[in-house]
file query.cif (mmCIF, C-alpha atoms)
data_structure
loop_
_atom_site.label_atom_id
_atom_site.label_comp_id
_atom_site.auth_asym_id
_atom_site.auth_seq_id
_atom_site.Cartn_x
_atom_site.Cartn_y
_atom_site.Cartn_z
CA MET A 1 77.91 68.20 93.31
CA SER A 2 80.97 68.76 91.13
CA ASN A 3 83.07 66.85 88.65
CA THR A 4 85.80 64.78 90.24
CA ILE A 5 89.40 65.82 89.69
CA THR A 6 91.48 64.16 86.99
CA GLU A 7 95.20 64.04 87.63
CA THR A 8 95.76 66.43 84.77
CA ASN A 9 93.49 69.20 85.96
CA ALA A 10 94.77 68.70 89.51
CA LEU A 11 97.86 70.61 88.39
CA SER A 12 95.81 73.56 87.18
CA LEU A 13 93.79 73.51 90.41
CA LEU A 14 97.04 73.81 92.36
CA ASN A 15 97.79 76.98 90.43
CA THR A 16 94.27 78.15 91.26
CA ALA A 17 94.93 77.56 94.98
CA VAL A 18 98.09 79.67 94.75
CA LYS A 19 96.26 82.39 92.85
CA ILE A 20 93.60 82.52 95.57
CA ALA A 21 96.22 83.02 98.28
CA ILE A 22 98.14 85.69 96.36
CA SER A 23 95.00 87.56 95.30
CA ASN A 24 93.70 87.67 98.88
CA TRP A 25 97.08 88.98 100.06
CA GLU A 26 97.01 91.65 97.35
CA LEU A 27 93.46 92.59 98.31
CA GLN A 28 94.60 93.28 101.87
CA ASN A 29 97.45 95.41 100.55
CA THR A 30 95.06 97.33 98.32
CA ARG A 31 92.73 97.99 101.26
CA LEU A 32 95.56 99.16 103.49
CA ASN A 33 96.98 101.38 100.74
CA SER A 34 93.62 103.03 100.11
CA LEU A 35 93.28 103.61 103.86
CA LEU A 36 96.76 105.17 103.94
CA ASP A 37 95.67 107.45 101.08
CA LYS A 38 92.76 108.67 103.20
CA LEU A 39 94.72 109.29 106.40
CA THR A 40 96.80 112.38 107.11
CA ASP A 41 100.17 111.98 108.83
CA ASP A 42 98.56 113.44 111.94
CA GLN A 43 95.83 110.81 111.86
CA LEU A 44 98.41 108.05 111.40
CA ALA A 45 100.27 109.26 114.47
CA VAL A 46 97.19 108.82 116.68
CA GLN A 47 96.47 105.72 118.79
CA THR A 48 93.98 103.38 117.08
CA ALA A 49 92.14 103.22 120.42
CA PRO A 50 92.90 104.69 123.86
CA GLY A 51 96.21 103.20 125.04
CA ARG A 52 96.59 101.05 121.90
CA ASN A 53 99.16 101.07 119.12
CA SER A 54 99.33 104.11 116.85
CA GLY A 55 98.84 103.89 113.11
CA ILE A 56 102.55 104.57 112.58
CA TYR A 57 103.58 101.72 114.84
CA LEU A 58 101.16 99.32 113.13
CA LEU A 59 102.42 100.38 109.69
CA GLY A 60 105.96 99.63 110.83
CA HIS A 61 104.82 96.36 112.36
CA LEU A 62 103.08 95.22 109.18
CA THR A 63 106.07 96.26 107.07
CA ALA A 64 108.37 94.22 109.32
CA ILE A 65 106.13 91.14 109.14
CA SER A 66 105.79 91.38 105.34
CA ASP A 67 109.54 91.93 105.04
CA GLY A 68 110.01 88.75 107.06
CA MET A 69 108.25 86.81 104.32
CA PHE A 70 111.35 87.12 102.13
CA THR A 71 112.97 84.79 104.66
CA TYR A 72 110.05 82.41 105.31
CA LEU A 73 109.30 82.04 101.60
CA GLU A 74 113.01 81.90 100.72
CA LEU A 75 112.67 84.79 98.26
CA GLY A 76 116.00 86.41 99.05
CA GLU A 77 117.44 88.81 101.58
CA ARG A 78 115.10 90.95 103.68
CA LEU A 79 115.00 94.62 102.75
CA HIS A 80 114.51 95.97 106.29
CA PRO A 81 115.43 93.45 109.00
CA GLU A 82 116.09 96.38 111.34
CA LEU A 83 112.33 96.88 111.66
CA ASP A 84 111.91 93.76 113.80
CA ASN A 85 113.58 95.37 116.79
CA LEU A 86 111.57 98.57 116.39
CA PHE A 87 108.11 97.20 115.60
CA VAL A 88 107.97 93.52 116.57
CA LYS A 89 110.34 92.73 119.42
CA ASN A 90 109.65 96.01 121.23
CA PRO A 91 106.29 97.63 121.99
CA GLU A 92 105.53 101.20 120.98
CA VAL A 93 106.18 102.45 124.51
CA ALA A 94 109.85 101.48 124.12
CA GLU A 95 111.62 104.72 123.33
CA LEU A 96 113.56 103.85 120.20
CA GLU A 97 114.61 105.91 117.22
CA ARG A 98 112.14 104.90 114.54
CA PRO A 99 111.80 105.80 110.83
CA SER A 100 109.55 108.71 109.84
CA ILE A 101 106.11 108.16 108.32
CA VAL A 102 107.51 109.08 104.90
CA GLU A 103 110.29 106.51 105.28
CA LEU A 104 107.92 103.82 106.56
CA LYS A 105 105.50 104.34 103.69
CA ALA A 106 108.40 103.99 101.24
CA TYR A 107 109.58 100.81 102.98
CA TRP A 108 106.02 99.43 102.97
CA ASN A 109 105.56 100.06 99.25
CA ASN A 110 108.98 98.75 98.31
CA VAL A 111 108.63 95.56 100.36
CA ASN A 112 105.26 94.80 98.80
CA THR A 113 106.38 95.59 95.26
CA GLN A 114 109.38 93.28 95.61
CA LEU A 115 107.35 90.56 97.34
CA LYS A 116 104.66 90.64 94.66
CA GLN A 117 107.19 90.23 91.84
CA ARG A 118 108.98 87.34 93.51
CA MET A 119 105.83 85.58 94.72
CA GLU A 120 104.27 85.71 91.26
CA ALA A 121 107.45 84.17 89.83
CA LEU A 122 107.23 81.15 92.18
CA PRO A 123 105.96 77.94 90.56
CA ALA A 124 103.10 76.17 92.34
CA GLU A 125 105.33 73.39 93.64
CA ALA A 126 107.46 75.94 95.50
CA TRP A 127 104.39 77.06 97.48
CA PHE A 128 103.84 73.50 98.67
CA ALA A 129 107.44 73.13 99.81
CA LYS A 130 108.40 73.70 103.45
CA HIS A 131 108.96 77.24 104.67
CA SER A 132 112.32 78.25 106.09
CA ALA A 133 111.38 77.92 109.77
CA ILE A 134 110.30 74.27 109.91
CA SER A 135 112.63 71.27 109.96
CA THR A 136 112.47 68.66 107.20
CA ALA A 137 111.51 66.07 109.81
CA ASP A 138 108.60 68.14 111.16
CA PHE A 139 107.50 69.00 107.63
CA GLU A 140 107.22 65.33 106.77
CA GLN A 141 104.79 64.97 109.66
CA GLU A 142 102.91 68.22 108.91
CA PRO A 143 103.07 68.88 105.13
CA HIS A 144 100.51 71.69 105.44
CA ARG A 145 103.15 73.86 107.13
CA ASN A 146 104.36 75.06 103.76
CA LYS A 147 104.96 78.44 102.09
CA LEU A 148 101.32 78.74 101.05
CA ASN A 149 100.34 78.47 104.70
CA ILE A 150 102.75 81.28 105.59
CA LEU A 151 101.20 83.57 102.98
CA ILE A 152 97.64 82.87 104.14
CA ASN A 153 98.62 83.26 107.80
CA ARG A 154 100.33 86.60 107.13
CA THR A 155 97.34 87.80 105.13
CA ILE A 156 95.04 87.09 108.08
CA HIS A 157 97.49 88.88 110.38
CA GLN A 158 97.38 91.92 108.12
CA GLY A 159 93.58 91.86 108.16
CA TYR A 160 93.73 91.76 111.96
CA HIS A 161 95.67 95.02 112.14
CA LEU A 162 93.73 96.60 109.28
CA GLY A 163 90.65 96.19 111.45
CA GLN A 164 92.43 98.31 114.05
CA LEU A 165 93.83 100.87 111.59
CA VAL A 166 90.39 101.72 110.20
CA TYR A 167 89.59 103.14 113.64
CA LEU A 168 91.87 106.04 112.68
CA LEU A 169 89.26 107.22 110.19
CA SER A 170 86.98 109.89 111.58
CA LYS A 171 83.50 108.48 112.02
CA THR A 172 80.96 109.72 109.51
CA LYS A 173 78.01 107.66 110.71
CA ALA A 174 75.90 109.02 113.55
CA MET B 175 114.39 74.51 95.11
CA SER B 176 111.79 71.77 95.35
CA ASN B 177 110.76 68.62 93.56
CA THR B 178 108.35 69.20 90.72
CA ILE B 179 104.82 67.92 91.10
CA THR B 180 103.79 64.63 89.59
CA GLU B 181 100.15 64.31 88.61
CA THR B 182 99.66 61.74 91.33
CA ASN B 183 100.91 63.83 94.24
CA ALA B 184 99.09 66.85 92.83
CA LEU B 185 95.93 65.27 94.23
CA SER B 186 97.42 65.01 97.72
CA LEU B 187 98.66 68.60 97.48
CA LEU B 188 95.11 69.72 96.71
CA ASN B 189 94.03 68.11 99.97
CA THR B 190 96.90 69.94 101.66
CA ALA B 191 95.66 73.25 100.26
CA VAL B 192 92.19 72.56 101.66
CA LYS B 193 93.66 71.55 105.02
CA ILE B 194 95.59 74.83 105.17
CA ALA B 195 92.42 76.86 104.60
CA ILE B 196 90.35 74.92 107.12
CA SER B 197 93.09 74.93 109.77
CA ASN B 198 93.54 78.69 109.47
CA TRP B 199 89.78 79.17 109.80
CA GLU B 200 89.76 76.95 112.90
CA LEU B 201 92.71 78.87 114.34
CA GLN B 202 90.72 82.11 114.09
CA ASN B 203 87.75 80.44 115.80
CA THR B 204 90.03 79.15 118.56
CA ARG B 205 91.45 82.63 119.12
CA LEU B 206 88.04 84.25 119.23
CA ASN B 207 86.72 81.56 121.59
CA SER B 208 89.63 82.01 123.98
CA LEU B 209 89.03 85.77 123.90
CA LEU B 210 85.34 85.20 124.68
CA ASP B 211 86.39 83.04 127.63
CA LYS B 212 88.41 85.95 129.00
CA LEU B 213 85.74 88.63 128.59
CA THR B 214 82.87 89.23 130.99
CA ASP B 215 79.41 90.01 129.58
CA ASP B 216 79.95 93.60 130.71
CA GLN B 217 83.19 93.83 128.77
CA LEU B 218 81.51 92.36 125.68
CA ALA B 219 78.81 95.02 125.87
CA VAL B 220 81.39 97.84 125.66
CA GLN B 221 82.39 99.59 122.44
CA THR B 222 85.67 98.25 121.04
CA ALA B 223 86.77 101.90 120.63
CA PRO B 224 84.96 105.22 121.21
CA GLY B 225 81.95 105.33 118.88
CA ARG B 226 82.77 101.95 117.33
CA ASN B 227 80.91 98.63 117.37
CA SER B 228 80.48 96.83 120.67
CA GLY B 229 81.76 93.32 121.29
CA ILE B 230 78.21 92.00 121.27
CA TYR B 231 77.46 93.53 117.87
CA LEU B 232 80.69 92.14 116.39
CA LEU B 233 79.95 88.68 117.81
CA GLY B 234 76.54 88.81 116.14
CA HIS B 235 78.12 90.10 112.93
CA LEU B 236 80.70 87.32 112.81
CA THR B 237 78.05 84.71 113.60
CA ALA B 238 75.90 86.02 110.73
CA ILE B 239 78.81 85.97 108.28
CA SER B 240 79.87 82.45 109.30
CA ASP B 241 76.24 81.30 109.10
CA GLY B 242 76.15 82.70 105.57
CA MET B 243 78.86 80.23 104.61
CA PHE B 244 76.30 77.41 104.68
CA THR B 245 74.81 79.12 101.61
CA TYR B 246 78.03 80.14 99.82
CA LEU B 247 79.59 76.71 100.34
CA GLU B 248 76.30 74.93 99.60
CA LEU B 249 76.42 73.05 102.90
CA GLY B 250 72.71 73.21 103.62
CA GLU B 251 70.23 75.63 105.15
CA ARG B 252 71.50 78.49 107.28
CA LEU B 253 70.88 78.15 111.01
CA HIS B 254 70.29 81.85 111.73
CA PRO B 255 69.46 83.89 108.60
CA GLU B 256 67.63 86.37 110.84
CA LEU B 257 71.02 87.65 112.03
CA ASP B 258 71.74 89.40 108.71
CA ASN B 259 69.14 92.07 109.34
CA LEU B 260 70.33 92.61 112.90
CA PHE B 261 74.12 92.51 112.46
CA VAL B 262 74.95 92.98 108.76
CA LYS B 263 72.31 95.04 106.97
CA ASN B 264 71.80 97.38 109.92
CA PRO B 265 74.42 99.16 112.02
CA GLU B 266 74.48 98.88 115.80
CA VAL B 267 72.81 102.27 116.18
CA ALA B 268 69.65 100.86 114.57
CA GLU B 269 67.32 100.11 117.47
CA LEU B 270 66.36 96.52 116.84
CA GLU B 271 65.48 93.67 119.16
CA ARG B 272 68.62 91.56 119.21
CA PRO B 273 69.49 88.22 120.86
CA SER B 274 71.12 88.21 124.29
CA ILE B 275 74.83 87.54 124.78
CA VAL B 276 74.00 84.04 126.03
CA GLU B 277 71.91 83.35 122.92
CA LEU B 278 74.55 84.80 120.57
CA LYS B 279 77.30 82.71 122.12
CA ALA B 280 75.16 79.59 121.65
CA TYR B 281 74.46 80.53 118.01
CA TRP B 282 78.17 81.21 117.43
CA ASN B 283 79.22 77.85 118.83
CA ASN B 284 76.50 75.92 117.05
CA VAL B 285 77.18 77.54 113.68
CA ASN B 286 80.89 76.77 113.93
CA THR B 287 80.36 73.21 115.14
CA GLN B 288 78.02 72.48 112.23
CA LEU B 289 80.24 74.26 109.70
CA LYS B 290 83.32 72.37 110.85
CA GLN B 291 81.61 69.00 110.47
CA ARG B 292 80.27 69.76 107.01
CA MET B 293 83.45 71.43 105.75
CA GLU B 294 85.60 68.52 106.85
CA ALA B 295 83.26 66.16 104.97
CA LEU B 296 83.71 68.04 101.68
CA PRO B 297 86.04 66.36 99.16
CA ALA B 298 88.81 68.54 97.72
CA GLU B 299 87.10 68.86 94.34
CA ALA B 300 84.09 70.48 96.01
CA TRP B 301 86.31 73.28 97.34
CA PHE B 302 87.46 74.07 93.82
CA ALA B 303 83.90 74.23 92.50
CA LYS B 304 82.10 77.55 92.17
CA HIS B 305 80.45 79.07 95.21
CA SER B 306 76.70 79.76 95.20
CA ALA B 307 76.94 83.48 94.39
CA ILE B 308 78.81 83.38 91.09
CA SER B 309 77.33 82.42 87.71
CA THR B 310 78.69 79.47 85.77
CA ALA B 311 79.69 81.86 82.98
CA ASP B 312 81.65 84.15 85.31
CA PHE B 313 83.23 81.16 87.05
CA GLU B 314 84.57 79.90 83.73
CA GLN B 315 86.38 83.21 83.35
CA GLU B 316 87.51 83.39 87.00
CA PRO B 317 87.97 79.83 88.33
CA HIS B 318 89.64 81.14 91.49
CA ARG B 319 86.26 82.40 92.70
CA ASN B 320 85.52 79.04 94.25
CA LYS B 321 84.47 77.75 97.67
CA LEU B 322 88.06 77.68 98.91
CA ASN B 323 88.30 81.40 98.16
CA ILE B 324 85.15 82.05 100.20
CA LEU B 325 86.60 80.22 103.21
CA ILE B 326 89.89 82.12 103.06
CA ASN B 327 88.12 85.44 102.53
CA ARG B 328 85.82 84.85 105.50
CA THR B 329 88.78 83.82 107.66
CA ILE B 330 90.54 87.12 106.89
CA HIS B 331 87.29 88.97 107.66
CA GLN B 332 87.13 87.25 111.04
CA GLY B 333 90.73 88.20 111.76
CA TYR B 334 89.82 91.80 110.91
CA HIS B 335 87.15 91.95 113.61
CA LEU B 336 89.20 89.89 116.07
CA GLY B 337 91.76 92.69 115.90
CA GLN B 338 89.01 95.04 117.08
CA LEU B 339 87.57 92.68 119.71
CA VAL B 340 90.91 92.31 121.50
CA TYR B 341 90.60 96.00 122.37
CA LEU B 342 87.94 94.92 124.86
CA LEU B 343 90.64 93.33 127.02
CA SER B 344 91.87 95.60 129.77
CA LYS B 345 95.40 96.68 129.05
CA THR B 346 98.02 95.08 131.25
CA LYS B 347 101.08 96.69 129.62
CA ALA B 348 102.13 100.11 130.85
#
call {"tool": "encode", "arguments": {"input": "query.cif", "output": "structure tokens"}}
result
Amino acid sequence: MSNTITETNALSLLNTAVKIAISNWELQNTRLNSLLDKLTDDQLAVQTAPGRNSGIYLLGHLTAISDGMFTYLELGERLHPELDNLFVKNPEVAELERPSIVELKAYWNNVNTQLKQRMEALPAEAWFAKHSAISTADFEQEPHRNKLNILINRTIHQGYHLGQLVYLLSKTKA
Amino acid sequence: MSNTITETNALSLLNTAVKIAISNWELQNTRLNSLLDKLTDDQLAVQTAPGRNSGIYLLGHLTAISDGMFTYLELGERLHPELDNLFVKNPEVAELERPSIVELKAYWNNVNTQLKQRMEALPAEAWFAKHSAISTADFEQEPHRNKLNILINRTIHQGYHLGQLVYLLSKTKA
């Protein structure tokens, strides 16, 4: 079916695996950014479905989760740890003082720009090392719980909420 | 930060990369199955949001896309190619004769059971080989467009629709 792997090209295939994960993460960012370009601030403020999270809350939530990757991937200090309390630990109904749409969009873009630069600078071996939230002992038992797994898991999570955010678009199909 | 990769453990890390992709795909299946266990047939028949796809349509859509993986991953004949016309090529508003919820759930479970068995039997090198829909020439230029990429991409797609399907659950939070 396919040529077997020599030890030498195994190294290049590892880089391919990392490229796949990063490119899928970037694709989700591109899709969310193009959706944000289409939505007015008024549309973003609306609930994605009756009684469900608004676009603003989900944007803050996704920014907080992406910002958390600085910690999980050990890429440096988080840019906006304050978002966890506003968009992760507390639901939208909690009356808290939250950033404006303009501020959130700036945070979102800045977090992703910084993440992209630092992720692309990581060598393949770093992606197969343990993430910050698993013990060395557990990691020895479950070596798949590495940084690459975090990136793929967060990308799926972003797709999950993107599926909800697209409901903010006015329907064009009859 | 982490030990560099020797050519020998590069092979085991490739298996780790494959395990990450398969385990994330299975996690999405587990989440969708537990959601299906919670939803009544009446709830599944409802639109996920006003004017949006129903749970039944999305279940058929996800079954069709997963069934398509037999082709992309070259795992054998598709089990239900007829679903493409009903749940991919045509929107829900198209008045077509579609399978019942009971039938769709059986298709969904069977497709995933078969896929899981065949995916877990694939050696790592097969995951890094080209998928069925890209030419050998294009694959030489873009080696990341392999079977592993298809699996990750389809897993994100499933997460996308799972984010919509959870809206079928009655809200418990005030």
call {"tool": "atom_distance", "arguments": {"input": "query.cif", "atom1": "atom CA of A:Lys130", "atom2": "atom CA of B:Leu296"}}
result
25.4 Å
call {"tool": "residues_around", "arguments": {"input": "query.cif", "residues": "stretch 326-328 of chain B", "least_positions_apart": "3", "cutoff": "9 Å", "atoms": "only C-alpha atoms", "output": "VMD selection string"}}
result
(chain A and resid 20 to 21 24 152 156) or (chain B and resid 195 to 196 198 to 199 239 to 240 243 321 to 323 331 to 333)
call {"tool": "resolve_selection", "arguments": {"input": "query.cif", "expression": "the PyMOL selection byres ((chain A) within 7 of (chain B))", "output": "mmCIF file with C-alpha atoms, in the coordinates of the input"}}
result
data_model
loop_
_atom_site.group_PDB
_atom_site.id
_atom_site.type_symbol
_atom_site.label_atom_id
_atom_site.label_comp_id
_atom_site.auth_asym_id
_atom_site.auth_seq_id
_atom_site.Cartn_x
_atom_site.Cartn_y
_atom_site.Cartn_z
ATOM 1 C CA SER A 2 80.970 68.760 91.130
ATOM 2 C CA THR A 4 85.800 64.780 90.240
ATOM 3 C CA ILE A 5 89.400 65.820 89.690
ATOM 4 C CA GLU A 7 95.200 64.040 87.630
ATOM 5 C CA THR A 8 95.760 66.430 84.770
ATOM 6 C CA ALA A 10 94.770 68.700 89.510
ATOM 7 C CA LEU A 11 97.860 70.610 88.390
ATOM 8 C CA LEU A 14 97.040 73.810 92.360
ATOM 9 C CA THR A 16 94.270 78.150 91.260
ATOM 10 C CA ALA A 17 94.930 77.560 94.980
ATOM 11 C CA LYS A 19 96.260 82.390 92.850
ATOM 12 C CA ILE A 20 93.600 82.520 95.570
ATOM 13 C CA ALA A 49 92.140 103.220 120.420
ATOM 14 C CA GLU A 125 105.330 73.390 93.640
ATOM 15 C CA ALA A 126 107.460 75.940 95.500
ATOM 16 C CA ALA A 129 107.440 73.130 99.810
ATOM 17 C CA HIS A 144 100.510 71.690 105.440
ATOM 18 C CA ASN A 149 100.340 78.470 104.700
ATOM 19 C CA ILE A 156 95.040 87.090 108.080
ATOM 20 C CA HIS A 157 97.490 88.880 110.380
ATOM 21 C CA GLY A 159 93.580 91.860 108.160
ATOM 22 C CA TYR A 160 93.730 91.760 111.960
ATOM 23 C CA HIS A 161 95.670 95.020 112.140
ATOM 24 C CA LEU A 162 93.730 96.600 109.280
ATOM 25 C CA GLY A 163 90.650 96.190 111.450
ATOM 26 C CA GLN A 164 92.430 98.310 114.050
#
call {"tool": "closest_residue", "arguments": {"input": "query.cif", "among": "A:His131, A:Lys38, A:Gly76, A:Val46", "to": "A:Leu58", "atoms": "all atoms listed in the file"}}
result
A:Val46
call {"tool": "atom_distance", "arguments": {"input": "query.cif", "atom1": "atom CA of A:Gly55", "atom2": "atom CA of A:Leu75"}}
result
27.9 Å
